[in-house]
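Reviewing the structure listed below.
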Amino acid sequence: MAVLQDRRLLITGVLTEGSIAYAVAQRAQEEGAQIVLTGFGRGMRITTRIANRLPDPPDVLELDVTDPAHLEAVATELEQRWGALDGVLHAIAFAPEDALGGEFLATPPESAQTAFMTSAYSLKALAAGLLPLLEKGDHSSIVGLDFDATVAWPAYDWMGVSKAALESVNRYLARDLGPKGVRSNLVSAGPIKTIAAGSIPGFETLAQAWDNQAPMAWNTKDAGPVADACLFLLSGLARGVTGEIVHVDGGYHAMGAPRPPDEPAPEPEPSA
Ligand SMILES: NC(=O)c1ccc[n+]([C@@H]2O[C@H](COP(=O)([O-])OP(=O)(O)OC[C@H]3O[C@@H](n4cnc5c(N)ncnc54)[C@H](O)[C@@H]3O)[C@@H](O)[C@H]2O)c1
């Protein structure tokens with residue numbers, strides 16, 4: 001049987017075909033899931049167009065995750081459609097320009113707060129808004145996308161701080177939702193070329209660091225490996241896993257230093 005056969009999933013964060021969430025949506029459908037997407041603001045039209053490229057074009061609901069009325073409307077729509085929800089992908093992040101790029105000390109509090117509300121608090125907001133449906137689901141699962149926040153990165157600034165908060169929110173959700181039969185986990189991804197990544201000045205420096213340090217080859221144009229880990233966490237195969245952060249980064253996080261300069265870089269695998 002397919003890994004996600006008949007599972008009912010809400011997938012946020014599809015903006016382009018390069019979005020990590022697009023790879024999740026595509027693979028989830030291939031694995032038998034029923035999906036609904038959400039779109040945001042001016043990107044909503046693009047998401048609707050991109051949804052038509054999926055194997056079975058899904059509906060797109062409007063969701064600004066910082067707007068409680070939108071969260072309520074999405075929950076109402078899913079209640080009418082399915083009456084329950086087996087999983088949700090949180091693939092949402094945003095930080096204003098002055099919260100990124102190396103001006104960490106100069107970032108105004110409002111910009112840091114926007115980054116936090118959209119990128120970290122929103123995981124709680126989404127989980128709480130959908131909880132009545134998730135409680136009625138089967139081995140229900142919330143999955144969010146992380147960028148390793150145990151260290152400081154060049155340029156990542158208040159998005160890095162927000163990811164540290166996201167990691168903590170994930171643990172508190174695991175604590176509070178576990179007794180209700182709902183799991184919460186994150187996938188900590190290596191750098192993938194997406195619109196969100198493109199808005200981080202210095203993204204290329206990060207990608208370069210992966211070339212020098214990841215023990216396995218890392219393809220910044222292939223979200224497939226990250227998506228497949230999301231599928232696992234969204235499936236019943238991960239029914240005993242919660243509060244976890246799964247690193248899908250070619251092993252970068254486990255290395256303490258770059259490869260010696262005389263050692264050859266690992267051979268890339270062809271994209272799946
Ligand atoms: N690309 C990477 O290198 C990388 C690495 C690790 C983690 N991530 C995380 O993956 C997730 C998805 O990002 P992506 O890289 O696929 O980029 P993306 O630009 O394709 O997706 C980001 C999404 O966030 C949505 N969004 C922004 N503000 C929103 C709001 N207020 N309400 C609802 N949606 C909103 C956008 O519409 C967009 O769909 C993010 O959490 C990002 O931090 C990305």
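Residues in the structure tokens are named by chain (A, B, ... in the order shown) and by number from 1 within that chain; ligands are numbered from 1 in the order shown.
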
Please extract the residues of segment 103-133 of chain A with a backbone DSSP assignment of alpha helix (DSSP H) and present them as a PyMOL selection string. chain A and resi 109-116+122-133

Using only C-alpha atoms, find each residue in segment 96-196 of chain A having at least one atom no more than 7 Å away from segment 242-252 of chain A; report its shortest atom-to-atom pair and that distance in Å (one decimal), rows by chain then rising number, as JSON lines.
```
{"residue": "A:Asn170", "atom": "CA", "partner": "A:Gly243", "partner_atom": "CA", "distance": 5.9}
{"residue": "A:Arg171", "atom": "CA", "partner": "A:Gly243", "partner_atom": "CA", "distance": 4.7}
{"residue": "A:Ala174", "atom": "CA", "partner": "A:Gly243", "partner_atom": "CA", "distance": 4.9}
{"residue": "A:Arg183", "atom": "CA", "partner": "A:Thr242", "partner_atom": "CA", "distance": 5.0}
{"residue": "A:Ser184", "atom": "CA", "partner": "A:Thr242", "partner_atom": "CA", "distance": 5.2}
{"residue": "A:Asn185", "atom": "CA", "partner": "A:Glu244", "partner_atom": "CA", "distance": 5.0}
{"residue": "A:Leu186", "atom": "CA", "partner": "A:Ile245", "partner_atom": "CA", "distance": 4.7}
{"residue": "A:Val187", "atom": "CA", "partner": "A:Val246", "partner_atom": "CA", "distance": 4.8}
{"residue": "A:Ser188", "atom": "CA", "partner": "A:His247", "partner_atom": "CA", "distance": 4.6}
{"residue": "A:Ala189", "atom": "CA", "partner": "A:Val248", "partner_atom": "CA", "distance": 5.0}
{"residue": "A:Gly190", "atom": "CA", "partner": "A:Asp249", "partner_atom": "CA", "distance": 4.2}
```

Need the shell around Glu31 of chain A: protein/DNA/RNA residues with any atom at most 6 Å away, counting only C-alpha atoms. Skip same-chain ones fewer than 3 positions apart. Format as an mmCIF file with all heavy atoms, in the first residue's frame?
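Wrote result.cif, looks like this:
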```cif
data_model
loop_
_atom_site.group_PDB
_atom_site.id
_atom_site.type_symbol
_atom_site.label_atom_id
_atom_site.label_comp_id
_atom_site.auth_asym_id
_atom_site.auth_seq_id
_atom_site.Cartn_x
_atom_site.Cartn_y
_atom_site.Cartn_z
ATOM 1 N N ALA A 2 0.434 2.291 -0.687
ATOM 2 C CA ALA A 2 1.198 3.543 -0.727
ATOM 3 C C ALA A 2 1.284 4.139 0.689
ATOM 4 O O ALA A 2 0.364 3.981 1.494
ATOM 5 C CB ALA A 2 0.520 4.519 -1.676
ATOM 6 N N VAL A 3 2.410 4.823 0.940
ATOM 7 C CA VAL A 3 2.731 5.307 2.290
ATOM 8 C C VAL A 3 1.665 6.259 2.856
ATOM 9 O O VAL A 3 1.421 6.293 4.055
ATOM 10 C CB VAL A 3 4.111 6.000 2.250
ATOM 11 C CG1 VAL A 3 4.422 6.719 3.545
ATOM 12 C CG2 VAL A 3 5.198 4.986 1.958
ATOM 13 N N LEU A 4 1.031 7.061 1.972
ATOM 14 C CA LEU A 4 0.053 8.049 2.462
ATOM 15 C C LEU A 4 -1.356 7.758 1.945
ATOM 16 O O LEU A 4 -2.174 8.679 1.833
ATOM 17 C CB LEU A 4 0.481 9.454 2.041
ATOM 18 C CG LEU A 4 1.774 9.984 2.677
ATOM 19 C CD1 LEU A 4 2.164 11.323 2.050
ATOM 20 C CD2 LEU A 4 1.635 10.150 4.182
ATOM 21 N N ALA A 28 3.304 13.521 -2.147
ATOM 22 C CA ALA A 28 2.179 13.063 -1.315
ATOM 23 C C ALA A 28 1.075 12.503 -2.214
ATOM 24 O O ALA A 28 0.492 11.462 -1.916
ATOM 25 C CB ALA A 28 1.656 14.211 -0.456
#
```

Spatial neighbours of Arg42 of chain A, max dist 12 Å, only C-alpha atoms, sep filter under 5 positions, as number ranges by chain: A: 15, 47-48, 62-64

Could you turn the residues from that selection into a file that holds N, CA, C and O atoms, as a PDB file, in the first residue's frame?
```pdb
ATOM      1  N   LEU A  15       4.545  28.056  -3.447  1.00  0.00           N
ATOM      2  CA  LEU A  15       4.558  29.331  -4.163  1.00  0.00           C
ATOM      3  C   LEU A  15       5.002  29.110  -5.607  1.00  0.00           C
ATOM      4  O   LEU A  15       4.404  29.648  -6.538  1.00  0.00           O
ATOM      5  N   THR A  47       0.015  30.412  -6.752  1.00  0.00           N
ATOM      6  CA  THR A  47      -0.172  29.079  -6.164  1.00  0.00           C
ATOM      7  C   THR A  47      -1.276  28.321  -6.909  1.00  0.00           C
ATOM      8  O   THR A  47      -1.133  27.137  -7.209  1.00  0.00           O
ATOM      9  N   THR A  48      -2.353  29.031  -7.235  1.00  0.00           N
ATOM     10  CA  THR A  48      -3.466  28.384  -7.938  1.00  0.00           C
ATOM     11  C   THR A  48      -3.012  27.880  -9.310  1.00  0.00           C
ATOM     12  O   THR A  48      -3.375  26.784  -9.733  1.00  0.00           O
ATOM     13  N   GLU A  62      -7.286  30.299   0.769  1.00  0.00           N
ATOM     14  CA  GLU A  62      -6.485  31.463   1.147  1.00  0.00           C
ATOM     15  C   GLU A  62      -6.090  31.369   2.625  1.00  0.00           C
ATOM     16  O   GLU A  62      -6.926  31.092   3.485  1.00  0.00           O
ATOM     17  N   LEU A  63      -4.789  31.572   2.902  1.00  0.00           N
ATOM     18  CA  LEU A  63      -4.349  31.560   4.299  1.00  0.00           C
ATOM     19  C   LEU A  63      -3.161  32.490   4.523  1.00  0.00           C
ATOM     20  O   LEU A  63      -2.050  32.222   4.069  1.00  0.00           O
ATOM     21  N   ASP A  64      -3.437  33.597   5.217  1.00  0.00           N
ATOM     22  CA  ASP A  64      -2.358  34.363   5.842  1.00  0.00           C
ATOM     23  C   ASP A  64      -2.297  33.810   7.264  1.00  0.00           C
ATOM     24  O   ASP A  64      -3.234  34.008   8.053  1.00  0.00           O
TER      25      ASP A  64
END
```

Within 12 Å of Glu72 of chain A using only C-alpha atoms, minus same-chain residues under 3 positions, as number ranges by chain: A: 61-69, 75-79, 125-133

Selected residues written out, N, CA and C atoms, as a tab-separated table (two decimals), in the first residue's frame:
```tsv
chain	number	residue	atom	x	y	z
A	61	LEU	N	-6.82	27.10	-0.77
A	61	LEU	CA	-7.55	27.98	0.16
A	61	LEU	C	-6.65	29.15	0.53
A	62	GLU	N	-7.29	30.30	0.77
A	62	GLU	CA	-6.49	31.46	1.15
A	62	GLU	C	-6.09	31.37	2.62
A	63	LEU	N	-4.79	31.57	2.90
A	63	LEU	CA	-4.35	31.56	4.30
A	63	LEU	C	-3.16	32.49	4.52
A	64	ASP	N	-3.44	33.60	5.22
A	64	ASP	CA	-2.36	34.36	5.84
A	64	ASP	C	-2.30	33.81	7.26
A	65	VAL	N	-1.21	33.13	7.57
A	65	VAL	CA	-1.16	32.38	8.82
A	65	VAL	C	-1.16	33.30	10.05
A	66	THR	N	-0.95	34.61	9.83
A	66	THR	CA	-1.00	35.55	10.96
A	66	THR	C	-2.41	36.11	11.16
A	67	ASP	N	-3.37	35.66	10.34
A	67	ASP	CA	-4.74	36.18	10.41
A	67	ASP	C	-5.67	35.11	11.01
A	68	PRO	N	-6.11	35.30	12.25
A	68	PRO	CA	-6.97	34.29	12.89
A	68	PRO	C	-8.23	33.98	12.09
A	69	ALA	N	-8.78	34.99	11.38
A	69	ALA	CA	-10.01	34.75	10.60
A	69	ALA	C	-9.74	33.77	9.47
A	75	ALA	N	-10.17	25.99	8.67
A	75	ALA	CA	-10.65	24.88	9.51
A	75	ALA	C	-12.10	24.54	9.17
A	76	THR	N	-12.93	25.57	8.98
A	76	THR	CA	-14.35	25.34	8.64
A	76	THR	C	-14.47	24.60	7.31
A	77	GLU	N	-13.69	25.06	6.33
A	77	GLU	CA	-13.74	24.43	5.00
A	77	GLU	C	-13.31	22.96	5.08
A	78	LEU	N	-12.24	22.67	5.85
A	78	LEU	CA	-11.75	21.28	5.94
A	78	LEU	C	-12.74	20.42	6.73
A	79	GLU	N	-13.38	21.03	7.71
A	79	GLU	CA	-14.41	20.31	8.50
A	79	GLU	C	-15.52	19.85	7.55
A	125	ALA	N	-0.07	28.60	15.94
A	125	ALA	CA	-1.37	29.10	15.48
A	125	ALA	C	-2.05	28.09	14.55
A	126	LEU	N	-1.27	27.53	13.62
A	126	LEU	CA	-1.81	26.55	12.67
A	126	LEU	C	-2.25	25.29	13.41
A	127	ALA	N	-1.40	24.83	14.32
A	127	ALA	CA	-1.71	23.61	15.07
A	127	ALA	C	-2.98	23.80	15.91
A	128	ALA	N	-3.07	24.93	16.59
A	128	ALA	CA	-4.23	25.17	17.47
A	128	ALA	C	-5.50	25.33	16.63
A	129	GLY	N	-5.39	26.04	15.51
A	129	GLY	CA	-6.56	26.26	14.65
A	129	GLY	C	-7.11	24.96	14.08
A	130	LEU	N	-6.22	24.00	13.82
A	130	LEU	CA	-6.66	22.76	13.18
A	130	LEU	C	-6.82	21.61	14.16
A	131	LEU	N	-6.57	21.89	15.44
A	131	LEU	CA	-6.53	20.81	16.43
A	131	LEU	C	-7.81	19.96	16.48
A	132	PRO	N	-9.00	20.59	16.49
A	132	PRO	CA	-10.20	19.75	16.54
A	132	PRO	C	-10.28	18.74	15.40
A	133	LEU	N	-9.75	19.14	14.22
A	133	LEU	CA	-9.77	18.23	13.07
A	133	LEU	C	-8.67	17.18	13.20
```

Tell me which of A:Ser235, A:Gln80, A:Gln34, A:Thr114 sits closest to ligand 1, counting only C-alpha atoms and all ligand atoms. A:Thr114

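Between ligand 1 and the candidates A:Leu10, A:Leu233, A:Ile142, A:Leu206, the tightest atom-to-atom separation, counting only C-alpha atoms and all ligand atoms, involves A:Leu206.
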
Could you jot down the atom 37 (O, counted along the ligand's line) of ligand 1 to atom CA of Pro58 of chain A separation for me, Å, one decimal place?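 Computing it gives 16.5 Å between the two atoms.
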
Could you find all residues in segment 132-260 of chain A that DSSP calls strand (DSSP E or B) from the backbone, and write them as a PyMOL selection string? chain A and resi 140-146+182-189+244-248

Output of the above residues as a PDB file, in the first residue's frame, restricted to C-alpha atoms:
```
ATOM      1  CA  SER A 140      -2.215  12.869  12.969  1.00  0.00           C
ATOM      2  CA  SER A 141       0.959  14.730  12.234  1.00  0.00           C
ATOM      3  CA  ILE A 142       2.179  18.318  12.046  1.00  0.00           C
ATOM      4  CA  VAL A 143       5.426  18.845  10.130  1.00  0.00           C
ATOM      5  CA  GLY A 144       7.386  22.102   9.922  1.00  0.00           C
ATOM      6  CA  LEU A 145      10.544  23.109   8.071  1.00  0.00           C
ATOM      7  CA  ASP A 146      13.617  24.186   9.969  1.00  0.00           C
ATOM      8  CA  VAL A 182      -1.294  14.456  17.497  1.00  0.00           C
ATOM      9  CA  ARG A 183       2.432  14.514  16.697  1.00  0.00           C
ATOM     10  CA  SER A 184       4.680  17.479  15.864  1.00  0.00           C
ATOM     11  CA  ASN A 185       8.054  17.256  14.128  1.00  0.00           C
ATOM     12  CA  LEU A 186      10.445  19.352  12.051  1.00  0.00           C
ATOM     13  CA  VAL A 187      12.654  18.588   9.089  1.00  0.00           C
ATOM     14  CA  SER A 188      15.865  20.585   9.237  1.00  0.00           C
ATOM     15  CA  ALA A 189      16.783  21.056   5.593  1.00  0.00           C
ATOM     16  CA  GLU A 244      11.827  15.363  16.749  1.00  0.00           C
ATOM     17  CA  ILE A 245      14.022  17.317  14.342  1.00  0.00           C
ATOM     18  CA  VAL A 246      15.103  15.178  11.393  1.00  0.00           C
ATOM     19  CA  HIS A 247      18.138  16.605   9.608  1.00  0.00           C
ATOM     20  CA  VAL A 248      17.993  16.232   5.847  1.00  0.00           C
TER      21      VAL A 248
END
```

Have a look at A:Ala120, A:Trp82, A:Glu135, A:Tyr156 and name the one nearest to Leu177 of chain A; count only C-alpha atoms.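 Of A:Ala120, A:Trp82, A:Glu135, A:Tyr156, the one nearest Leu177 of chain A is A:Glu135, counting only C-alpha atoms.
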
Give me the residues near Glu17 of chain A as an mmCIF file with N, CA, C and O atoms, in the first residue's frame, where near means some atom within 12 Å (using only C-alpha atoms) and where sequence neighbours in that chain fewer than 3 positions away do not count.
```cif
data_model
loop_
_atom_site.group_PDB
_atom_site.id
_atom_site.type_symbol
_atom_site.label_atom_id
_atom_site.label_comp_id
_atom_site.auth_asym_id
_atom_site.auth_seq_id
_atom_site.Cartn_x
_atom_site.Cartn_y
_atom_site.Cartn_z
ATOM 1 N N GLY A 13 2.420 26.735 1.875
ATOM 2 C CA GLY A 13 3.758 27.124 1.420
ATOM 3 C C GLY A 13 4.136 26.798 -0.007
ATOM 4 O O GLY A 13 5.294 26.941 -0.381
ATOM 5 N N VAL A 14 3.147 26.398 -0.853
ATOM 6 C CA VAL A 14 3.484 26.213 -2.270
ATOM 7 C C VAL A 14 3.414 27.578 -2.941
ATOM 8 O O VAL A 14 2.354 28.209 -2.972
ATOM 9 N N ILE A 20 9.715 23.945 -1.449
ATOM 10 C CA ILE A 20 9.827 22.635 -0.794
ATOM 11 C C ILE A 20 8.426 22.016 -0.694
ATOM 12 O O ILE A 20 8.243 20.820 -0.923
ATOM 13 N N ALA A 21 7.433 22.853 -0.387
ATOM 14 C CA ALA A 21 6.062 22.340 -0.240
ATOM 15 C C ALA A 21 5.526 21.757 -1.547
ATOM 16 O O ALA A 21 4.695 20.853 -1.524
ATOM 17 N N TYR A 22 5.985 22.274 -2.694
ATOM 18 C CA TYR A 22 5.527 21.710 -3.973
ATOM 19 C C TYR A 22 6.003 20.267 -4.096
ATOM 20 O O TYR A 22 5.243 19.375 -4.505
ATOM 21 N N ALA A 23 7.270 20.032 -3.735
ATOM 22 C CA ALA A 23 7.814 18.665 -3.801
ATOM 23 C C ALA A 23 7.039 17.751 -2.848
ATOM 24 O O ALA A 23 6.762 16.592 -3.173
ATOM 25 N N VAL A 24 6.664 18.280 -1.675
ATOM 26 C CA VAL A 24 5.877 17.480 -0.726
ATOM 27 C C VAL A 24 4.504 17.162 -1.328
ATOM 28 O O VAL A 24 4.045 16.017 -1.288
ATOM 29 N N ALA A 25 3.864 18.188 -1.910
ATOM 30 C CA ALA A 25 2.524 17.998 -2.487
ATOM 31 C C ALA A 25 2.564 16.951 -3.596
ATOM 32 O O ALA A 25 1.717 16.046 -3.653
ATOM 33 N N GLN A 26 3.544 17.070 -4.484
ATOM 34 C CA GLN A 26 3.654 16.150 -5.610
ATOM 35 C C GLN A 26 3.851 14.714 -5.131
ATOM 36 O O GLN A 26 3.134 13.801 -5.535
ATOM 37 N N ILE A 46 -0.565 32.796 -8.059
ATOM 38 C CA ILE A 46 0.529 31.952 -8.572
ATOM 39 C C ILE A 46 0.353 30.529 -8.044
ATOM 40 O O ILE A 46 0.488 29.557 -8.786
ATOM 41 N N THR A 47 0.015 30.412 -6.752
ATOM 42 C CA THR A 47 -0.172 29.079 -6.164
ATOM 43 C C THR A 47 -1.276 28.321 -6.909
ATOM 44 O O THR A 47 -1.133 27.137 -7.209
ATOM 45 N N THR A 48 -2.353 29.031 -7.235
ATOM 46 C CA THR A 48 -3.466 28.384 -7.938
ATOM 47 C C THR A 48 -3.012 27.880 -9.310
ATOM 48 O O THR A 48 -3.375 26.784 -9.733
ATOM 49 N N ARG A 49 -2.167 28.689 -9.978
ATOM 50 C CA ARG A 49 -1.659 28.263 -11.289
ATOM 51 C C ARG A 49 -0.739 27.052 -11.152
ATOM 52 O O ARG A 49 -0.825 26.087 -11.904
ATOM 53 N N ILE A 50 0.145 27.121 -10.141
ATOM 54 C CA ILE A 50 1.128 26.047 -9.939
ATOM 55 C C ILE A 50 0.418 24.749 -9.530
ATOM 56 O O ILE A 50 0.840 23.656 -9.905
ATOM 57 N N ALA A 51 -0.687 24.887 -8.789
ATOM 58 C CA ALA A 51 -1.438 23.700 -8.336
ATOM 59 C C ALA A 51 -1.893 22.858 -9.528
ATOM 60 O O ALA A 51 -1.979 21.632 -9.447
ATOM 61 N N ASN A 52 -2.145 23.536 -10.669
ATOM 62 C CA ASN A 52 -2.603 22.812 -11.862
ATOM 63 C C ASN A 52 -1.529 21.933 -12.470
ATOM 64 O O ASN A 52 -1.810 21.116 -13.330
ATOM 65 N N ARG A 53 -0.285 22.110 -12.039
ATOM 66 C CA ARG A 53 0.800 21.266 -12.581
ATOM 67 C C ARG A 53 0.957 19.984 -11.778
ATOM 68 O O ARG A 53 1.734 19.115 -12.129
ATOM 69 N N LEU A 54 0.250 19.887 -10.660
ATOM 70 C CA LEU A 54 0.335 18.672 -9.840
ATOM 71 C C LEU A 54 -0.427 17.538 -10.532
ATOM 72 O O LEU A 54 -1.338 17.796 -11.325
ATOM 73 N N LYS A 193 17.336 26.141 -3.345
ATOM 74 C CA LYS A 193 17.084 27.410 -4.047
ATOM 75 C C LYS A 193 15.587 27.623 -4.244
ATOM 76 O O LYS A 193 14.976 27.019 -5.114
ATOM 77 N N THR A 194 15.016 28.469 -3.414
ATOM 78 C CA THR A 194 13.585 28.798 -3.510
ATOM 79 C C THR A 194 13.454 30.321 -3.444
ATOM 80 O O THR A 194 14.453 31.022 -3.237
ATOM 81 N N ILE A 195 12.226 30.810 -3.555
ATOM 82 C CA ILE A 195 12.008 32.258 -3.455
ATOM 83 C C ILE A 195 12.447 32.746 -2.066
ATOM 84 O O ILE A 195 13.144 33.757 -1.931
ATOM 85 N N LYS A 221 19.127 22.315 -5.870
ATOM 86 C CA LYS A 221 17.965 22.440 -6.774
ATOM 87 C C LYS A 221 17.010 21.262 -6.627
ATOM 88 O O LYS A 221 16.059 21.131 -7.392
ATOM 89 N N ASP A 222 17.271 20.381 -5.669
ATOM 90 C CA ASP A 222 16.426 19.190 -5.516
ATOM 91 C C ASP A 222 15.838 19.120 -4.110
ATOM 92 O O ASP A 222 16.531 18.780 -3.145
ATOM 93 N N ALA A 223 14.541 19.467 -4.013
ATOM 94 C CA ALA A 223 13.871 19.415 -2.703
ATOM 95 C C ALA A 223 13.356 18.010 -2.398
ATOM 96 O O ALA A 223 12.768 17.785 -1.332
ATOM 97 N N GLY A 224 13.579 17.069 -3.310
ATOM 98 C CA GLY A 224 13.042 15.715 -3.154
ATOM 99 C C GLY A 224 13.439 15.031 -1.842
ATOM 100 O O GLY A 224 12.564 14.499 -1.132
#
```
